[in-house]
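A short write-up of the structure that comes next.
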Amino acid sequence: MPITHRLTLTQYLIQERRRYPNSKGEFNALILDVALACKAIARTVAFGELAGVLGNHSADDGDKTINVQGEVQKKLDVMSNNYFIHLNEWGGHLAGMASEEEELPYQIPAQYPRGKYLLVFDPLDGSSNIDVNVSIGSIFSILRAPEDAIASGRDLVEADFFQPGVKQVAAGYALYGPTTMLILTLGNGVSGFTLDPTVGEFMQTHPSIKIPEDTNEFAINASNSRFWEYPIKRYVDECLAGKTGARGRDFNMRWIASMVAEAHRIMMRGGVFLYPRDNKDPNMAGRLRLLYEANPMGFLIEQAGGRASTGSEPILNVQPTGLHQRIGFVFGSKNEVERIERYHAEPVPKKDDINPLFAERSLFRD
Ligand code: F6P
């Protein structure tokens with residue numbers, strides 16, 4: 001299709017802005033800076049080992065570096081974080097940023113003006129897939145800075161970012177797969193863009209993404225099954241039982257280990273993703289991070305007609321208490337997520353009444 005038959009990301013943003021006659025265009029400029037960071041990451045990822053960007057990042061002393069999560073940093077984690085920071089710090093639209101790779105809020109350097117938005121991001125999600133050439137992504141969330149921070153231009157503190165997901169102004173992800181895509185919500189549905197590398201533009205290819213309400217596909221890291229709580233065990237057990245079980249139909253399972261790639265599959269054809277709270281590590285309430293993984297993905301999923309939950313309550317209602325806080329996260333086709341929430345609300349049966357599949361010699365024993 002000729003390029004003129006599709007909207008570019010810039011044209012889409014201008015079209016959306018016309019609905020808000022008082023807007024000054026700052027927000028659009030911010031989204032375009034984020035998109036530029038994603039294009040820079042896409043280009044870097046595409047060259048892989050040719051550009052020497054695979055493998056672990058090393059400090060000046062040659063040792064591998066560890067981020068605030070205690071995870072070994074990949075070269076691409078560090079490069080992607082730098083792209084996000086340096087392409088967004090200068091524009092004058094941001095009061096500050098928070099990143100998976102930065103322990104504390106990133107303050108806009110003194111030589112640049114400060115603006116009214118907060119940018120929160122995971123610069124490269126799915127790090128374990130970098131070296132094996134499997135899809136990875138970036139996730140971002142945009143919030144308004146507190147009024148006093150906007151008025152005074154003061155440095156930000158962690159608590160400025162502790163806003164529930166319902167407060168997000170925009171959210172999106174970039175998927176670095178066979179094609180590079182940007183999936184975006186400005187709070188008025190979800191629009192998808194594919195990077196045309198010949199002109200360097202994101203072109204609108206998926207104008208109004210809608211997640212089917214029903215699905216036969218689920219995604220979970222089943223190696224954690226012995227740590228799951230009962231409602232999750234019950235749900236997965238019923239999916240596995242297929243036609244012969246309570247659900248009366250067969251399910252299929254997928255696990256890519258890149259949340260962005262799983263979310264994209266769900267955006268395109270439905271499905272349910274679960275990384276629930278479990279009892280593997282008492283210090284971790286879940287695996288995924290609330291502010292820059294669950295909240296932006298939750299906003300996108302709900303805007304596409306799906307549902308995003310902790311398992312028990314809407315993810316977007318959770319009041320954050322930490323910049324790098326982890327949480328149980330379940331999202332996707334509405335009817336499945338609601339079913340999982342129902343299972344969490346029901347009383348846990350006494351041990352003796354539990355389905356034999358969870359009994360002593362079963363696959364999913366406690
Ligand atoms: O950091 C989050 C993440 O990489 C997600 O993208 C992915 O869904 C998950 O971790 C993979 O977890 P696991 O290593 O348990 O499969």
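To be explicit about the labels: the chains of the structure tokens are called A, B, and onward in the order shown, and within each one the residues are counted from 1, while ligands get numbers from 1 in the order they are shown.
Taking only C-alpha atoms and all ligand atoms into account, the protein and nucleic acid residues that come at most 7 Å from ligand 1 are Asp125, Gly126, Ser127, Ser128, Asn221, Ala257, Ser258, Met259, Val260, Arg287 and Leu288 of chain A.
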Check your understanding: Among region 257-309 of chain A, which residues carry a DSSP assignment of strand (DSSP E), reported as a PyMOL selection string?
Key -> chain A and resi 272-275+288-289+307-309
Near-region 16-30 of chain A list (9 Å; only C-alpha atoms; drop same-chain fewer than 5 positions) as a VMD selection string: chain A and resid 10 to 11 35 88 91 to 94 115 117 186
Could you turn the residues from that selection into a file that holds all heavy atoms, as a tab-separated table (two decimals), in the first residue's frame?
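Final file, again.tsv:
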chain	number	residue	atom	x	y	z
A	10	THR	N	3.00	10.74	13.60
A	10	THR	CA	2.85	12.19	13.80
A	10	THR	C	1.46	12.65	13.37
A	10	THR	O	0.80	13.42	14.08
A	10	THR	CB	3.93	12.95	12.99
A	10	THR	OG1	5.18	12.33	13.24
A	10	THR	CG2	3.99	14.42	13.35
A	11	GLN	N	1.01	12.17	12.21
A	11	GLN	CA	-0.32	12.58	11.72
A	11	GLN	C	-1.41	12.10	12.68
A	11	GLN	O	-2.36	12.82	12.97
A	11	GLN	CB	-0.56	12.02	10.32
A	11	GLN	CG	0.27	12.74	9.26
A	11	GLN	CD	0.28	12.00	7.93
A	11	GLN	OE1	0.08	10.78	7.88
A	11	GLN	NE2	0.51	12.71	6.85
A	35	ALA	N	9.04	7.66	20.83
A	35	ALA	CA	9.06	6.83	19.61
A	35	ALA	C	10.45	6.84	18.99
A	35	ALA	O	10.92	5.82	18.46
A	35	ALA	CB	8.02	7.34	18.61
A	88	ASN	N	14.88	11.93	25.81
A	88	ASN	CA	13.71	12.53	26.45
A	88	ASN	C	14.03	13.62	27.46
A	88	ASN	O	13.14	14.36	27.88
A	88	ASN	CB	12.88	11.44	27.16
A	88	ASN	CG	12.08	10.63	26.16
A	88	ASN	OD1	11.11	11.13	25.57
A	88	ASN	ND2	12.48	9.39	25.93
A	91	GLY	N	13.76	17.78	26.01
A	91	GLY	CA	12.63	18.39	25.30
A	91	GLY	C	11.85	19.43	26.08
A	91	GLY	O	11.08	20.19	25.51
A	92	GLY	N	11.97	19.44	27.42
A	92	GLY	CA	11.23	20.43	28.21
A	92	GLY	C	9.82	19.96	28.57
A	92	GLY	O	9.04	20.74	29.13
A	93	HIS	N	9.49	18.70	28.27
A	93	HIS	CA	8.13	18.23	28.55
A	93	HIS	C	8.05	17.45	29.85
A	93	HIS	O	6.99	17.16	30.35
A	93	HIS	CB	7.63	17.31	27.42
A	93	HIS	CG	8.01	17.81	26.07
A	93	HIS	ND1	7.62	19.05	25.63
A	93	HIS	CD2	8.75	17.27	25.08
A	93	HIS	CE1	8.10	19.25	24.42
A	93	HIS	NE2	8.80	18.19	24.06
A	94	LEU	N	9.20	17.07	30.38
A	94	LEU	CA	9.22	16.16	31.52
A	94	LEU	C	9.68	16.85	32.81
A	94	LEU	O	10.62	17.66	32.79
A	94	LEU	CB	10.16	14.98	31.25
A	94	LEU	CG	9.69	13.99	30.19
A	94	LEU	CD1	10.75	12.92	29.96
A	94	LEU	CD2	8.37	13.34	30.60
A	115	GLY	N	9.18	20.14	32.52
A	115	GLY	CA	7.77	20.23	32.08
A	115	GLY	C	6.83	19.57	33.05
A	115	GLY	O	7.15	19.38	34.22
A	117	TYR	N	5.09	16.48	32.73
A	117	TYR	CA	4.83	15.03	32.68
A	117	TYR	C	5.94	14.22	33.35
A	117	TYR	O	7.08	14.68	33.48
A	117	TYR	CB	4.69	14.57	31.22
A	117	TYR	CG	3.49	15.17	30.53
A	117	TYR	CD1	3.65	16.18	29.57
A	117	TYR	CD2	2.21	14.75	30.85
A	117	TYR	CE1	2.55	16.74	28.94
A	117	TYR	CE2	1.10	15.32	30.23
A	117	TYR	CZ	1.28	16.31	29.28
A	117	TYR	OH	0.19	16.87	28.68
A	186	LEU	N	-3.77	6.68	24.18
A	186	LEU	CA	-3.81	8.03	24.77
A	186	LEU	C	-5.09	8.13	25.60
A	186	LEU	O	-5.60	9.21	25.86
A	186	LEU	CB	-3.80	9.08	23.66
A	186	LEU	CG	-2.71	8.95	22.59
A	186	LEU	CD1	-2.87	10.02	21.51
A	186	LEU	CD2	-1.32	9.06	23.22
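The spacing separating CA of Asn224 (chain A) from CA of Leu316 (chain A) amounts to 25.2 Å.
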Exercise for review: Apply DSSP to the structure's backbone, then extract all residues of region 79-203 of chain A labelled alpha helix (DSSP H) and return them as a ChimeraX atom specification.
Suggested key: /A:79-88,147-152
- [ ] Please provide the set of residues having any atom within 10 Å of Asp122 (chain A), restricted to only C-alpha atoms, with same-chain residues fewer than 6 positions apart removed, written as number ranges by chain.
- [x] A: 77, 80-81, 84, 98-102, 137-141, 173, 289, 291-293
Practice task
Skip Pro314 (chain A) itself and residues of its chain fewer than 2 positions away, then list as a PyMOL selection string all residues within 10 Å of it, counting only C-alpha atoms.
Solution key: chain A and resi 165-166+298+302+307-312+316-318+329-331+341
File of the preceding selection, N, CA and C atoms, as a short mmCIF file (atom, residue, chain, number, x, y, z; two decimals), in the first residue's frame:
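So selection_26.cif came out as:
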data_model
loop_
_atom_site.label_atom_id
_atom_site.label_comp_id
_atom_site.auth_asym_id
_atom_site.auth_seq_id
_atom_site.Cartn_x
_atom_site.Cartn_y
_atom_site.Cartn_z
N GLY A 165 -2.56 3.30 38.45
CA GLY A 165 -2.57 3.23 36.98
C GLY A 165 -3.70 4.00 36.32
N VAL A 166 -4.82 4.19 37.02
CA VAL A 166 -5.93 4.95 36.41
C VAL A 166 -5.52 6.39 36.11
N GLY A 298 -1.52 -2.77 31.66
CA GLY A 298 -2.91 -2.82 32.11
C GLY A 298 -3.77 -1.76 31.42
N GLU A 302 -6.89 -2.72 28.97
CA GLU A 302 -8.26 -2.30 29.27
C GLU A 302 -8.80 -1.40 28.15
N ARG A 307 -9.08 -7.21 30.16
CA ARG A 307 -9.10 -6.92 31.60
C ARG A 307 -7.72 -7.17 32.18
N ALA A 308 -7.31 -6.33 33.13
CA ALA A 308 -5.99 -6.44 33.75
C ALA A 308 -6.17 -6.41 35.25
N SER A 309 -5.55 -7.38 35.94
CA SER A 309 -5.90 -7.61 37.34
C SER A 309 -4.68 -8.08 38.13
N THR A 310 -4.77 -7.94 39.44
CA THR A 310 -3.75 -8.58 40.29
C THR A 310 -4.11 -10.06 40.45
N GLY A 311 -5.28 -10.44 39.98
CA GLY A 311 -5.88 -11.76 40.25
C GLY A 311 -7.12 -11.54 41.09
N SER A 312 -7.08 -10.50 41.93
CA SER A 312 -8.20 -10.22 42.83
C SER A 312 -8.85 -8.87 42.57
N LEU A 316 -5.18 -1.38 37.77
CA LEU A 316 -5.09 0.07 37.67
C LEU A 316 -5.55 0.79 38.94
N ASN A 317 -6.18 0.04 39.87
CA ASN A 317 -6.62 0.67 41.13
C ASN A 317 -5.58 0.57 42.24
N VAL A 318 -4.51 -0.18 42.00
CA VAL A 318 -3.54 -0.42 43.09
C VAL A 318 -2.75 0.86 43.39
N PHE A 329 0.25 -10.35 38.34
CA PHE A 329 -0.37 -9.69 37.18
C PHE A 329 -1.02 -10.74 36.28
N VAL A 330 -2.29 -10.51 36.01
CA VAL A 330 -3.07 -11.41 35.15
C VAL A 330 -3.81 -10.52 34.16
N PHE A 331 -3.68 -10.77 32.88
CA PHE A 331 -4.39 -9.92 31.92
C PHE A 331 -4.76 -10.66 30.66
N GLU A 341 -10.53 -13.95 38.65
CA GLU A 341 -10.88 -13.11 39.81
C GLU A 341 -11.95 -13.79 40.66
#
Discussion item. So that I can check the surroundings of His344 (chain A), please list as a PyMOL selection string every protein, DNA and RNA residue that reaches within 12 Å of it, counting only C-alpha atoms and ignoring chain neighbours fewer than 5 positions away.
Written reply: chain A and resi 229-235+276-277+309-313+330+337-339+349
Report as a Markdown table: every residue of region 55-111 of chain A with an atom at most 8 Å from region 153-161 of chain A, its closest pair of atoms, and their distance in Å to one decimal, counting only C-alpha atoms, with rows sorted by chain and ascending residue number.
| residue | atom | partner | partner_atom | distance |
| --- | --- | --- | --- | --- |
| A:Ala95 | CA | A:Gly153 | CA | 7.1 |
| A:Gly96 | CA | A:Leu156 | CA | 6.6 |
| A:Leu104 | CA | A:Glu158 | CA | 7.0 |
| A:Pro105 | CA | A:Glu158 | CA | 6.2 |
| A:Gln107 | CA | A:Asp155 | CA | 6.3 |
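The space between CA of Thr215 (chain A) and CA of Gly271 (chain A) spans 5.2 Å.
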Nearby residues (only C-alpha atoms) at most 9 Å from Arg144 (chain A), same-chain spacing under 6 positions excluded, as a list in words:
Ala95, Lys116, Tyr117, Leu118, Leu119, Ile150, Lys167, Gln168 and Val169 of chain A
With all heavy atoms retained, could you export that selection as a compact mmCIF listing (two decimals), in the first residue's frame?
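Saved result, result-v1.txt, follows:
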# COMPACT_ATOMS: atom_id res chain seq x y z
N ALA A 95 8.99 16.45 33.92
CA ALA A 95 9.47 16.88 35.24
C ALA A 95 10.51 15.89 35.76
O ALA A 95 11.29 16.21 36.65
CB ALA A 95 8.29 16.97 36.20
N LYS A 116 5.65 19.18 32.54
CA LYS A 116 4.59 18.74 33.48
C LYS A 116 4.36 17.24 33.49
O LYS A 116 3.47 16.76 34.21
CB LYS A 116 3.30 19.48 33.16
CG LYS A 116 2.76 19.30 31.76
CD LYS A 116 1.47 20.11 31.61
CE LYS A 116 0.94 19.98 30.19
NZ LYS A 116 0.52 21.20 29.59
N TYR A 117 5.09 16.48 32.73
CA TYR A 117 4.83 15.03 32.68
C TYR A 117 5.94 14.22 33.35
O TYR A 117 7.08 14.68 33.48
CB TYR A 117 4.69 14.57 31.22
CG TYR A 117 3.49 15.17 30.53
CD1 TYR A 117 3.65 16.18 29.57
CD2 TYR A 117 2.21 14.75 30.85
CE1 TYR A 117 2.55 16.74 28.94
CE2 TYR A 117 1.10 15.32 30.23
CZ TYR A 117 1.28 16.31 29.28
OH TYR A 117 0.19 16.87 28.68
N LEU A 118 5.56 12.99 33.75
CA LEU A 118 6.52 12.02 34.25
C LEU A 118 6.58 10.88 33.23
O LEU A 118 5.53 10.43 32.75
CB LEU A 118 6.05 11.42 35.58
CG LEU A 118 5.75 12.37 36.72
CD1 LEU A 118 5.26 11.59 37.95
CD2 LEU A 118 6.99 13.18 37.09
N LEU A 119 7.76 10.42 32.92
CA LEU A 119 7.93 9.28 32.02
C LEU A 119 8.51 8.12 32.82
O LEU A 119 9.55 8.26 33.47
CB LEU A 119 8.86 9.65 30.86
CG LEU A 119 9.19 8.52 29.87
CD1 LEU A 119 7.95 8.05 29.13
CD2 LEU A 119 10.24 9.01 28.85
N ILE A 150 5.36 20.83 39.24
CA ILE A 150 5.29 21.57 37.97
C ILE A 150 5.54 23.06 38.25
O ILE A 150 6.33 23.72 37.58
CB ILE A 150 3.91 21.38 37.29
CG1 ILE A 150 3.65 19.90 37.01
CG2 ILE A 150 3.84 22.19 36.00
CD1 ILE A 150 2.25 19.59 36.50
N LYS A 167 -4.45 6.85 36.73
CA LYS A 167 -4.02 8.24 36.51
C LYS A 167 -3.17 8.40 35.25
O LYS A 167 -2.76 9.52 34.92
CB LYS A 167 -3.20 8.72 37.72
CG LYS A 167 -3.98 8.81 39.01
CD LYS A 167 -4.46 10.22 39.17
CE LYS A 167 -5.38 10.42 40.34
NZ LYS A 167 -4.84 11.04 41.47
N GLN A 168 -2.85 7.30 34.57
CA GLN A 168 -1.95 7.42 33.41
C GLN A 168 -2.61 8.25 32.30
O GLN A 168 -3.80 8.13 32.04
CB GLN A 168 -1.61 6.03 32.86
CG GLN A 168 -0.72 5.22 33.80
CD GLN A 168 -0.57 3.77 33.33
OE1 GLN A 168 0.45 3.40 32.79
NE2 GLN A 168 -1.60 2.98 33.55
N VAL A 169 -1.80 9.07 31.66
CA VAL A 169 -2.26 9.91 30.55
C VAL A 169 -2.09 9.14 29.25
O VAL A 169 -2.89 9.26 28.32
CB VAL A 169 -1.42 11.20 30.49
CG1 VAL A 169 -1.85 12.09 29.35
CG2 VAL A 169 -1.46 11.94 31.81
Using only C-alpha atoms, find each residue in region 227-346 of chain A having at least one atom no more than 8 Å away from region 190-204 of chain A; report its shortest atom-to-atom pair and that distance in Å (one decimal), rows by chain then rising number, as JSON lines.
{"residue": "A:Leu300", "atom": "CA", "partner": "A:Val190", "partner_atom": "CA", "distance": 6.6}
{"residue": "A:Gln303", "atom": "CA", "partner": "A:Val190", "partner_atom": "CA", "distance": 6.1}
{"residue": "A:Ala304", "atom": "CA", "partner": "A:Val190", "partner_atom": "CA", "distance": 5.8}
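Among the candidates A:Met253, A:Met284, A:Ile41, A:Ile340, the residue lying nearest to Ile136 (chain A) is A:Ile41 (atoms considered: only C-alpha atoms).
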Restricting to only C-alpha atoms, whichever of A:Gly177, A:Thr65, A:Leu13, A:Ala145 is closest to Arg43 (chain A) is A:Gly177
